[in-house]
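*Asks:* Next comes the structure file coords04.cif, holding mmCIF, C-alpha atoms and all ligand atoms.
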data_upload
loop_
_atom_site.label_atom_id
_atom_site.label_comp_id
_atom_site.auth_asym_id
_atom_site.auth_seq_id
_atom_site.Cartn_x
_atom_site.Cartn_y
_atom_site.Cartn_z
CA MET R 65 101.69 -51.25 126.86
CA ASN R 66 99.17 -49.34 124.79
CA GLN R 67 99.10 -45.84 126.28
CA LYS R 68 96.29 -44.61 124.05
CA LYS R 69 93.23 -43.15 125.73
CA ILE R 70 90.19 -45.44 125.72
CA GLY R 71 88.13 -44.01 122.91
CA LEU R 72 85.88 -45.50 120.26
CA LYS R 73 88.80 -45.95 117.85
CA LEU R 74 90.78 -48.04 120.33
CA ILE R 75 87.74 -50.17 121.22
CA SER R 76 87.00 -50.69 117.53
CA GLU R 77 90.60 -51.74 116.80
CA TYR R 78 90.59 -54.37 119.53
CA LEU R 79 87.14 -55.68 118.60
CA THR R 80 88.31 -56.15 115.01
CA ARG R 81 91.49 -57.94 116.03
CA LEU R 82 89.94 -60.17 118.69
CA PHE R 83 86.71 -61.12 116.93
CA PRO R 84 88.08 -63.67 114.40
CA ILE R 85 90.11 -65.68 116.94
CA CYS R 86 88.88 -69.22 117.57
CA ARG R 87 88.61 -69.37 121.35
CA SER R 88 87.50 -72.41 123.34
CA LEU R 89 87.86 -73.96 126.79
CA THR R 90 91.57 -74.34 126.08
CA GLY R 91 94.00 -73.73 123.25
CA ASP R 92 96.07 -71.16 121.41
CA GLY R 93 93.07 -68.92 120.65
CA ASN R 94 92.74 -68.15 124.36
CA ARG R 95 96.49 -67.50 124.69
CA GLU R 96 96.43 -65.19 121.68
CA THR R 97 93.42 -63.32 123.09
CA LEU R 98 95.12 -62.79 126.47
CA LYS R 99 98.38 -61.74 124.78
CA ILE R 100 96.52 -59.04 122.88
CA LEU R 101 94.90 -57.87 126.14
CA GLN R 102 98.42 -57.61 127.61
CA GLU R 103 98.90 -54.64 125.29
CA ILE R 104 96.22 -52.86 127.35
CA ILE R 105 97.02 -54.05 130.89
CA PRO R 106 99.81 -56.09 132.55
CA LEU R 107 97.75 -59.24 133.14
CA LYS R 108 99.53 -62.50 133.97
CA ILE R 109 98.87 -65.55 131.82
CA LYS R 110 98.72 -68.77 133.84
CA GLU R 111 98.42 -72.40 132.73
CA TYR R 112 96.64 -75.15 134.64
CA PRO R 113 97.59 -78.64 133.35
CA SER R 114 95.08 -80.95 131.66
CA GLY R 115 94.14 -83.94 133.77
CA LYS R 116 94.36 -82.02 137.05
CA HIS R 117 91.42 -82.66 139.40
CA VAL R 118 89.70 -79.46 140.48
CA PHE R 119 86.92 -80.16 142.98
CA ASP R 120 84.52 -82.58 141.19
CA TRP R 121 85.97 -81.78 137.75
CA VAL R 122 89.03 -82.63 135.69
CA ILE R 123 90.74 -80.03 133.48
CA PRO R 124 90.11 -81.30 129.94
CA GLU R 125 92.64 -82.10 127.25
CA GLU R 126 93.73 -79.08 125.26
CA TRP R 127 91.92 -78.74 121.94
CA GLN R 128 93.69 -77.51 118.85
CA ILE R 129 92.14 -76.87 115.45
CA LYS R 130 93.78 -75.94 112.17
CA ASP R 131 91.09 -76.32 109.54
CA ALA R 132 87.75 -77.93 108.70
CA TRP R 133 85.47 -78.20 105.66
CA ILE R 134 82.79 -80.09 103.78
CA LYS R 135 83.46 -80.30 100.03
CA ASP R 136 81.20 -81.44 97.23
CA LYS R 137 82.42 -83.91 94.60
CA THR R 138 83.92 -81.14 92.48
CA GLY R 139 86.06 -79.99 95.40
CA VAL R 140 84.04 -76.86 96.13
CA LYS R 141 83.87 -76.10 99.85
CA ILE R 142 80.23 -75.82 100.91
CA VAL R 143 81.20 -75.31 104.55
CA ASP R 144 84.54 -73.71 105.44
CA PHE R 145 85.99 -73.18 108.95
CA ASN R 146 88.08 -70.30 107.57
CA LYS R 147 84.92 -68.35 106.75
CA SER R 148 83.54 -68.77 110.29
CA ASN R 149 84.93 -70.73 113.21
CA LEU R 150 81.33 -71.30 114.34
CA HIS R 151 81.00 -73.83 111.50
CA VAL R 152 82.74 -76.45 113.62
CA VAL R 153 81.21 -77.78 116.81
CA ASN R 154 83.70 -76.49 119.39
CA TYR R 155 85.90 -79.34 120.75
CA SER R 156 85.14 -81.59 117.76
CA SER R 157 87.27 -84.72 117.47
CA PRO R 158 89.27 -85.05 114.23
CA ILE R 159 87.51 -86.70 111.30
CA GLU R 160 88.30 -87.31 107.64
CA GLY R 161 86.24 -89.27 105.12
CA SER R 162 83.40 -89.31 102.66
CA PHE R 163 79.84 -89.35 103.78
CA ASN R 164 76.52 -89.36 102.01
CA PHE R 165 73.98 -86.90 103.36
CA SER R 166 71.98 -89.45 105.33
CA ARG R 167 75.11 -90.38 107.33
CA LEU R 168 76.30 -86.79 107.65
CA LYS R 169 73.06 -85.21 108.78
CA LYS R 170 73.24 -86.31 112.41
CA HIS R 171 76.45 -84.27 112.61
CA LEU R 172 74.82 -81.13 111.17
CA HIS R 173 73.24 -78.38 113.27
CA ILE R 174 71.03 -75.54 112.10
CA HIS R 175 69.33 -72.69 113.92
CA PRO R 176 65.65 -73.54 114.44
CA GLU R 177 64.41 -69.99 113.79
CA ILE R 178 66.96 -67.89 111.90
CA PRO R 179 67.73 -69.43 108.45
CA ASN R 180 70.85 -67.34 107.71
CA ALA R 181 72.46 -67.82 111.13
CA ILE R 182 75.19 -70.32 111.95
CA PRO R 183 74.41 -71.60 115.44
CA TYR R 184 77.12 -72.00 118.12
CA ARG R 185 77.45 -75.51 119.49
CA THR R 186 80.00 -77.23 121.73
CA SER R 187 80.78 -80.78 122.74
CA TYR R 188 83.24 -80.28 125.56
CA TYR R 189 82.76 -83.34 127.68
CA LYS R 190 81.54 -85.93 125.15
CA LYS R 191 83.88 -86.86 122.30
CA ASP R 192 81.93 -86.06 119.14
CA TRP R 193 82.23 -83.98 116.00
CA GLY R 194 79.90 -81.81 113.97
CA PHE R 195 79.27 -78.83 111.74
CA CYS R 196 76.96 -75.85 112.22
CA VAL R 197 75.46 -74.48 109.02
CA THR R 198 72.89 -72.08 107.61
CA HIS R 199 69.65 -73.41 106.18
CA GLU R 200 70.96 -72.67 102.69
CA GLN R 201 74.11 -74.72 103.29
CA TYR R 202 72.03 -77.52 104.77
CA ASP R 203 69.84 -77.60 101.65
CA LEU R 204 72.90 -77.61 99.36
CA LEU R 205 74.37 -80.57 101.25
CA LYS R 206 71.02 -82.34 101.16
CA LYS R 207 70.70 -81.88 97.39
CA SER R 208 74.12 -83.38 96.76
CA ASN R 209 73.51 -86.83 95.33
CA THR R 210 77.08 -88.00 95.67
CA SER R 211 79.21 -88.40 98.73
CA LEU R 212 80.64 -85.38 100.49
CA ASN R 213 84.24 -85.04 101.62
CA VAL R 214 84.48 -84.11 105.25
CA LYS R 215 87.52 -83.06 107.24
CA ILE R 216 88.08 -81.65 110.71
CA ASP R 217 91.79 -81.12 111.27
CA SER R 218 91.77 -80.96 115.06
CA ASN R 219 93.61 -82.77 117.84
CA PHE R 220 93.79 -83.15 121.59
CA LYS R 221 97.23 -82.15 122.77
CA LYS R 222 99.29 -84.36 125.05
CA ASN R 223 100.44 -82.45 128.15
CA GLY R 224 98.26 -79.49 127.30
CA SER R 225 96.75 -76.99 129.69
CA LEU R 226 93.95 -74.53 130.36
CA THR R 227 94.92 -70.88 130.11
CA ILE R 228 93.67 -68.05 132.31
CA GLY R 229 94.48 -64.37 132.74
CA GLU R 230 94.85 -62.63 136.10
CA LEU R 231 95.54 -59.11 137.28
CA LEU R 232 95.54 -57.99 140.91
CA ILE R 233 95.17 -54.24 141.25
CA LYS R 234 96.29 -53.30 144.73
CA GLY R 235 94.58 -50.57 146.68
CA LYS R 236 95.46 -49.21 150.12
CA ASN R 237 93.81 -52.22 151.75
CA ASN R 238 94.28 -55.90 150.87
CA TYR R 239 90.52 -56.46 151.06
CA GLU R 240 89.56 -57.67 147.56
CA SER R 241 86.61 -57.53 145.20
CA LEU R 242 86.41 -59.91 142.24
CA ILE R 243 85.92 -58.93 138.59
CA SER R 244 85.49 -61.98 136.38
CA THR R 245 84.78 -62.63 132.73
CA TYR R 246 84.87 -65.61 130.36
CA ILE R 247 87.06 -66.02 127.31
CA CYS R 248 85.89 -69.36 125.87
CA HIS R 249 83.48 -68.20 123.17
CA PRO R 250 84.83 -68.04 119.59
CA SER R 251 83.59 -65.43 117.08
CA LEU R 252 80.61 -64.16 119.07
CA ALA R 253 80.77 -60.44 119.71
CA ASN R 254 78.33 -59.71 122.51
CA ASP R 255 78.64 -63.09 124.23
CA ASN R 256 81.37 -62.64 125.17
CA LEU R 257 84.06 -60.70 123.32
CA SER R 258 82.37 -57.58 124.69
CA GLY R 259 82.87 -58.74 128.30
CA THR R 260 86.40 -59.98 127.65
CA LEU R 261 87.46 -56.61 126.25
CA LEU R 262 85.47 -54.48 128.70
CA THR R 263 87.16 -56.24 131.62
CA ALA R 264 90.55 -55.20 130.25
CA LEU R 265 89.38 -51.63 129.64
CA LEU R 266 87.92 -51.39 133.15
CA ALA R 267 91.18 -52.67 134.64
CA LYS R 268 93.07 -50.03 132.62
CA GLU R 269 90.84 -47.33 134.12
CA LEU R 270 91.34 -48.65 137.66
CA LEU R 271 95.10 -48.70 137.24
CA LYS R 272 94.94 -44.95 136.71
CA ILE R 273 93.27 -44.35 140.10
CA LYS R 274 95.92 -43.59 142.70
CA ASN R 275 93.96 -43.80 145.95
CA LEU R 276 91.85 -46.98 145.56
CA LYS R 277 90.69 -48.14 148.97
CA ARG R 278 90.23 -51.80 148.07
CA SER R 279 92.16 -54.24 145.92
CA TYR R 280 90.59 -55.74 142.80
CA ARG R 281 91.20 -59.23 141.47
CA PHE R 282 90.51 -59.36 137.72
CA ILE R 283 90.29 -62.75 136.03
CA TRP R 284 89.72 -63.95 132.46
CA VAL R 285 88.77 -67.63 132.48
CA PRO R 286 86.95 -70.10 130.25
CA GLU R 287 83.40 -70.34 131.56
CA THR R 288 82.57 -72.94 134.24
CA ILE R 289 85.72 -75.12 134.17
CA GLY R 290 87.98 -72.06 134.19
CA ALA R 291 86.18 -70.48 137.14
CA ILE R 292 86.19 -73.85 138.96
CA ALA R 293 89.89 -74.35 138.28
CA TYR R 294 90.67 -70.80 139.40
CA CYS R 295 88.75 -71.29 142.66
CA ALA R 296 90.55 -74.59 143.26
CA TYR R 297 94.00 -73.08 142.63
CA ASN R 298 93.26 -69.96 144.69
CA LYS R 299 90.89 -71.34 147.30
CA SER R 300 92.00 -69.38 150.35
CA LYS R 301 92.12 -66.09 148.43
CA ILE R 302 88.68 -66.59 146.86
CA LYS R 303 87.14 -67.56 150.19
CA LYS R 304 88.02 -64.10 151.56
CA ILE R 305 86.11 -62.29 148.80
CA ASP R 306 82.59 -61.10 149.53
CA GLU R 307 81.36 -59.49 146.35
CA GLY R 308 82.13 -58.85 142.73
CA LEU R 309 80.96 -58.61 139.16
CA VAL R 310 80.76 -61.02 136.22
CA LEU R 311 81.23 -59.04 133.00
CA THR R 312 79.20 -60.56 130.18
CA THR R 313 77.15 -59.40 127.19
CA VAL R 314 77.85 -55.69 127.56
CA GLY R 315 78.03 -54.56 123.92
CA GLY R 316 74.59 -54.85 122.34
CA PRO R 317 72.22 -52.09 121.17
CA GLY R 318 69.56 -53.04 123.74
CA PRO R 319 68.89 -51.52 127.16
CA PHE R 320 71.02 -51.97 130.26
CA ALA R 321 69.83 -54.50 132.81
CA TYR R 322 71.37 -56.16 135.81
CA LYS R 323 71.28 -59.61 137.32
CA GLN R 324 71.22 -59.56 141.09
CA SER R 325 73.59 -61.50 143.25
CA TYR R 326 72.15 -64.30 145.41
CA ASP R 327 71.44 -62.00 148.37
CA SER R 328 69.19 -59.27 147.02
CA HIS R 329 70.11 -57.02 150.01
CA SER R 330 73.84 -57.20 149.49
CA SER R 331 75.75 -53.99 148.86
CA ILE R 332 76.62 -54.85 145.26
CA ASN R 333 72.93 -54.85 144.28
CA SER R 334 72.03 -51.62 146.07
CA ILE R 335 75.12 -49.94 144.59
CA ILE R 336 74.10 -50.93 141.05
CA GLU R 337 70.53 -49.75 141.67
CA ASP R 338 71.86 -46.43 142.98
CA VAL R 339 74.03 -45.95 139.90
CA PHE R 340 71.11 -46.72 137.57
CA GLU R 341 68.99 -44.21 139.45
CA GLY R 342 71.72 -41.57 139.44
CA LYS R 343 72.16 -41.90 135.69
CA GLU R 344 68.40 -42.08 135.12
CA ILE R 345 68.66 -45.52 133.49
CA PRO R 346 65.35 -47.40 133.78
CA LEU R 347 65.87 -50.22 136.25
CA LYS R 348 65.52 -53.58 134.56
CA LYS R 349 66.53 -56.32 136.94
CA TYR R 350 66.77 -60.06 136.82
CA PRO R 351 66.63 -61.77 140.19
CA PHE R 352 69.40 -64.27 140.92
CA ASP R 353 68.75 -67.62 139.31
CA ILE R 354 70.81 -70.74 139.24
CA PHE R 355 71.60 -70.61 135.51
CA GLY R 356 73.66 -67.84 133.97
CA SER R 357 77.41 -67.62 134.11
CA ASP R 358 80.24 -68.05 136.60
CA GLU R 359 78.29 -66.52 139.49
CA ARG R 360 77.15 -70.15 139.92
CA GLN R 361 80.67 -71.17 140.94
CA PHE R 362 81.50 -68.08 142.97
CA SER R 363 78.15 -68.22 144.82
CA SER R 364 78.44 -71.92 145.66
CA GLN R 365 78.23 -72.81 149.34
CA GLY R 366 81.97 -72.92 149.89
CA PHE R 367 82.57 -69.41 148.51
CA LYS R 368 79.27 -67.52 148.76
CA ILE R 369 80.42 -64.44 146.88
CA ASN R 370 77.71 -61.98 145.89
CA MET R 371 78.33 -61.64 142.14
CA ALA R 372 76.13 -59.36 140.03
CA SER R 373 76.22 -58.57 136.30
CA ILE R 374 75.24 -55.44 134.40
CA THR R 375 74.41 -56.37 130.82
CA LYS R 376 73.56 -54.59 127.59
CA ASP R 377 71.54 -57.19 125.69
CA LYS R 378 71.74 -59.99 128.22
CA TYR R 379 72.64 -63.54 127.25
CA TYR R 380 69.57 -65.73 126.53
CA GLU R 381 67.50 -62.61 125.81
CA TYR R 382 68.51 -61.32 122.37
CA PRO R 383 67.57 -63.18 119.18
CA PHE R 384 71.15 -63.40 117.85
CA TYR R 385 72.39 -65.05 121.08
CA HIS R 386 74.81 -67.90 120.28
CA THR R 387 74.66 -67.35 116.52
CA SER R 388 76.89 -65.90 113.81
CA LEU R 389 74.67 -62.80 113.79
CA ASP R 390 76.13 -61.87 117.18
CA ASN R 391 78.88 -60.11 115.24
CA LEU R 392 80.43 -56.67 114.83
CA ASN R 393 77.32 -55.37 113.08
CA PHE R 394 75.46 -56.02 116.32
CA VAL R 395 78.11 -54.94 118.84
CA LYS R 396 79.42 -51.38 118.48
CA PRO R 397 82.30 -49.59 120.20
CA GLU R 398 79.95 -46.91 121.52
CA TYR R 399 77.86 -49.50 123.39
CA ILE R 400 80.99 -50.89 125.04
CA LYS R 401 82.04 -47.36 125.96
CA GLN R 402 78.63 -46.78 127.58
CA SER R 403 79.07 -49.99 129.57
CA LEU R 404 82.57 -48.94 130.59
CA ASP R 405 81.28 -45.63 131.97
CA LEU R 406 78.54 -47.42 133.90
CA TYR R 407 80.90 -50.03 135.36
CA LYS R 408 83.35 -47.29 136.34
CA SER R 409 80.61 -45.56 138.35
CA VAL R 410 79.76 -48.84 140.05
CA ILE R 411 83.39 -49.49 141.01
CA LYS R 412 83.67 -45.96 142.39
CA LYS R 413 80.74 -46.66 144.72
CA ILE R 414 82.04 -50.12 145.64
CA ASP R 415 85.32 -48.51 146.59
CA GLY R 416 83.53 -45.99 148.79
CA ASP R 417 81.46 -48.59 150.65
CA SER R 418 82.48 -49.47 154.22
CA ILE R 419 82.18 -52.86 155.91
CA TYR R 420 82.07 -53.49 159.65
CA LYS R 421 82.03 -56.63 161.74
CA SER R 422 80.40 -57.07 165.13
CA LYS R 423 82.90 -58.46 167.61
CA LEU R 424 80.30 -60.15 169.77
CA THR R 425 78.06 -62.28 167.58
CA GLU R 426 76.51 -64.54 170.17
CA CYS R 427 73.50 -62.69 171.57
CA GLU R 428 73.66 -58.94 171.91
CA VAL R 429 76.03 -56.51 173.47
CA MET R 430 74.96 -55.05 176.84
CA LEU R 431 74.48 -51.55 175.56
CA SER R 432 74.14 -49.78 178.92
CA LYS R 433 77.58 -51.09 179.93
CA HIS R 434 79.01 -49.22 176.95
CA ASP R 435 76.91 -46.14 177.58
CA LEU R 436 74.90 -46.80 174.44
CA TYR R 437 71.47 -47.38 175.92
CA PRO R 438 69.19 -44.32 175.64
CA LYS R 439 68.26 -42.49 178.75
CA LEU R 440 64.55 -42.15 178.32
CA GLY R 441 63.95 -39.20 180.62
CA GLY R 442 64.39 -36.49 177.98
CA SER R 443 61.87 -34.61 175.88
CA ILE R 444 59.70 -36.34 173.26
CA LEU R 445 62.00 -35.19 170.48
CA SER R 446 65.24 -36.27 172.08
CA LYS R 447 63.58 -39.54 173.11
CA ASN R 448 62.76 -40.20 169.47
CA MET R 449 66.26 -39.32 168.47
CA GLN R 450 67.64 -41.68 171.06
CA LEU R 451 65.32 -44.44 169.93
CA ASN R 452 66.43 -43.86 166.35
CA GLU R 453 70.01 -44.31 167.36
CA LEU R 454 69.13 -47.44 169.31
CA ASN R 455 67.42 -48.76 166.21
CA ASN R 456 70.55 -48.04 164.14
CA ILE R 457 72.82 -49.67 166.72
CA LEU R 458 70.74 -52.82 166.90
CA TRP R 459 70.54 -53.18 163.12
CA LEU R 460 74.26 -52.61 162.73
CA LEU R 461 75.08 -55.19 165.40
CA ASN R 462 72.70 -57.62 163.76
CA LEU R 463 73.78 -57.16 160.14
CA SER R 464 77.47 -56.21 160.28
CA ASN R 465 78.92 -59.63 159.61
CA GLY R 466 82.15 -58.43 158.02
CA ARG R 467 80.90 -59.30 154.54
CA ASN R 468 78.08 -56.90 153.76
CA GLY R 469 78.66 -53.19 153.39
CA ILE R 470 76.84 -50.16 154.76
CA HIS R 471 75.25 -49.71 151.32
CA GLY R 472 73.45 -53.04 151.59
CA ILE R 473 72.50 -52.56 155.25
CA SER R 474 71.02 -49.17 154.40
CA LYS R 475 68.98 -50.70 151.59
CA LYS R 476 67.66 -53.47 153.81
CA THR R 477 66.77 -51.26 156.79
CA GLY R 478 65.84 -48.03 155.06
CA ILE R 479 68.25 -46.16 157.38
CA ASP R 480 70.29 -43.36 155.85
CA ARG R 481 73.87 -44.42 155.00
CA ILE R 482 75.54 -41.42 156.63
CA LYS R 483 73.71 -42.04 159.91
CA LEU R 484 74.60 -45.73 159.81
CA LYS R 485 78.24 -44.98 159.19
CA ARG R 486 78.35 -42.43 162.00
CA THR R 487 76.87 -44.95 164.43
CA ALA R 488 79.18 -47.71 163.17
CA GLU R 489 82.24 -45.54 163.83
CA LYS R 490 80.92 -44.92 167.36
CA LEU R 491 80.64 -48.69 167.88
CA VAL R 492 84.20 -49.10 166.63
CA SER R 493 85.40 -46.46 169.12
CA LYS R 494 83.63 -48.38 171.91
CA GLY R 495 85.47 -51.56 170.90
CA ILE R 496 82.26 -53.37 169.95
CA MET R 497 82.90 -53.50 166.21
CA ASP R 498 85.84 -53.84 163.82
CA LYS R 499 86.13 -51.86 160.63
CA ILE R 500 86.99 -54.25 157.80
CA ILE R 501 87.30 -51.64 155.08
ZN ZN R 601 77.41 -68.12 125.90
#
Could you write out this file's structure as structure tokens?
Ligand code: ZN

*Replies:*
Amino acid sequence: MNQKKIGLKLISEYLTRLFPICRSLTGDGNRETLKILQEIIPLKIKEYPSGKHVFDWVIPEEWQIKDAWIKDKTGVKIVDFNKSNLHVVNYSSPIEGSFNFSRLKKHLHIHPEIPNAIPYRTSYYKKDWGFCVTHEQYDLLKKSNTSLNVKIDSNFKKNGSLTIGELLIKGKNNYESLISTYICHPSLANDNLSGTLLTALLAKELLKIKNLKRSYRFIWVPETIGAIAYCAYNKSKIKKIDEGLVLTTVGGPGPFAYKQSYDSHSSINSIIEDVFEGKEIPLKKYPFDIFGSDERQFSSQGFKINMASITKDKYYEYPFYHTSLDNLNFVKPEYIKQSLDLYKSVIKKIDGDSIYKSKLTECEVMLSKHDLYPKLGGSILSKNMQLNELNNILWLLNLSNGRNGIHGISKKTGIDRIKLKRTAEKLVSKGIMDKII
């Protein structure tokens, strides 16, 4: 285990080592990435076999790639996988042969706006092959009057599998929060090597904390299919989780922003907003939408986990998104360090949040029976105080569903957190409510 302190040098070393690896939905690039992360934290590497049905999906065949190129007639490589793994459409079928440009061009992809960028393309669920090139390379291939030699040395492995990483950090309570990131993108630094590495660094920081209240489930999965497979393999555990974070695009030079979870009043959102305010970071927020990353799977009807993301140059939003210019000139160790500090503050607040659950959920508790109904004969001031407490009690009974924390209830009702917590503890002592965490 790497015992070095998380500083810029360490982040830089890991960025440099991890960046060139050709990751995908499956394959050795993902294993190699997770093995390197094992130097930082004791994550477990797990394999889910290809062909296995996971909800409405099937885990795909494992893709392996050794080499790929397009050569001109003199044998000069115009496009070379070894110079950038983005040159090959991810999950390309193997191909070898000579093509003239008119036949080749339907397999070529260029960026519509940035001439010197290699775009990132995939063909996961339709067997196809292709190359991604700069405008200059495209023009060179076009000018070639003779046939071009094309080779993609890839294959789909028999009895392969999909690889994921998992680390459960146990706190005093078994109640879990989920921290998820995706590992399927090849040499793209912000989306999402930054998230992959930050997740490991954050886990390393949490492992140092001795008195964590909650437990934290960290996972590194290929996007979509990996999250789906993980939910299928760990259904009962995932169903118990109420909130979490998807770590993505956290290493760019741009401003911090956050994408809300599906319930804008959930604790996770108010905690993030509090942290932004505390650190005087201008609040840039994206409401929940149905695109994005693995929050789609975790927020589906069967799981309904409130998953938020804090980003630094959010996916979709920066011009280098999904291109070869999303590289280590764009992502810097100091930006990842800034994201780490921010995420650490968020986790600290998550860990301090309390969750209660009303025991009687059908209609309301008879408050007078429990000596909770205000006696209205007092002075104006005490009457107001009593009414305030009644207001707090009624909101707590209404909103404490065992899944949303005091932080979120405070945000929704405008009632001070300390007052809410004090009243909640009173309701626990009266046997009306359970404390979940
Ligand atoms: Zn992406």

*Asks:* With all atoms listed in the file as the counted atoms, please give the residues lying no more than 12 Å from Thr387 in chain R, apart from itself and same-chain residues fewer than 6 positions off, as an mmCIF file with C-alpha atoms, in the frame of the given file.

*Replies:*
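Saved the output as selection14.cif:
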data_model
loop_
_atom_site.group_PDB
_atom_site.id
_atom_site.type_symbol
_atom_site.label_atom_id
_atom_site.label_comp_id
_atom_site.auth_asym_id
_atom_site.auth_seq_id
_atom_site.Cartn_x
_atom_site.Cartn_y
_atom_site.Cartn_z
ATOM 1 C CA SER R 148 83.540 -68.770 110.290
ATOM 2 C CA ASN R 149 84.930 -70.730 113.210
ATOM 3 C CA LEU R 150 81.330 -71.300 114.340
ATOM 4 C CA HIS R 151 81.000 -73.830 111.500
ATOM 5 C CA HIS R 173 73.240 -78.380 113.270
ATOM 6 C CA ILE R 174 71.030 -75.540 112.100
ATOM 7 C CA HIS R 175 69.330 -72.690 113.920
ATOM 8 C CA PRO R 176 65.650 -73.540 114.440
ATOM 9 C CA GLU R 177 64.410 -69.990 113.790
ATOM 10 C CA ILE R 178 66.960 -67.890 111.900
ATOM 11 C CA PRO R 179 67.730 -69.430 108.450
ATOM 12 C CA ASN R 180 70.850 -67.340 107.710
ATOM 13 C CA ALA R 181 72.460 -67.820 111.130
ATOM 14 C CA ILE R 182 75.190 -70.320 111.950
ATOM 15 C CA PRO R 183 74.410 -71.600 115.440
ATOM 16 C CA TYR R 184 77.120 -72.000 118.120
ATOM 17 C CA ARG R 185 77.450 -75.510 119.490
ATOM 18 C CA CYS R 196 76.960 -75.850 112.220
ATOM 19 C CA VAL R 197 75.460 -74.480 109.020
ATOM 20 C CA THR R 198 72.890 -72.080 107.610
ATOM 21 C CA HIS R 249 83.480 -68.200 123.170
ATOM 22 C CA PRO R 250 84.830 -68.040 119.590
ATOM 23 C CA SER R 251 83.590 -65.430 117.080
ATOM 24 C CA LEU R 252 80.610 -64.160 119.070
ATOM 25 C CA ALA R 253 80.770 -60.440 119.710
ATOM 26 C CA ASN R 254 78.330 -59.710 122.510
ATOM 27 C CA ASP R 255 78.640 -63.090 124.230
ATOM 28 C CA ASN R 256 81.370 -62.640 125.170
ATOM 29 C CA TYR R 379 72.640 -63.540 127.250
ATOM 30 C CA TYR R 380 69.570 -65.730 126.530
ATOM 31 C CA PHE R 394 75.460 -56.020 116.320
#

*Asks:* Residues near range 66-69 of chain R, anyone? I mean within 9 Å using all atoms listed in the file, not counting same-chain ones fewer than 5 positions away, as a ChimeraX atom specification.

*Replies:* /R:74,102-105

*Asks:* Mind giving me the axis-aligned box for range 213-227 of chain R with 8 Å on every side, centre plus edges in Å to one decimal, as lines of an AutoDock Vina configuration file?

*Replies:*
center_x = 92.3
center_y = -78.0
center_z = 116.0
size_x = 32.2
size_y = 30.2
size_z = 44.7

*Asks:* Counting all atoms listed in the file, figure out which residue out of R:Cys248, R:Ala291, R:Ala264, R:Ile109 gets nearest to ligand ZN 601 (chain R).

*Replies:*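 For ligand ZN 601 (chain R), the nearest of the given residues is R:Cys248.
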
*Asks:* In Å, rounded to a single decimal, give me how far CA of Leu232 in chain R is from CA of Lys272 in chain R.

*Replies:* 13.7 Å
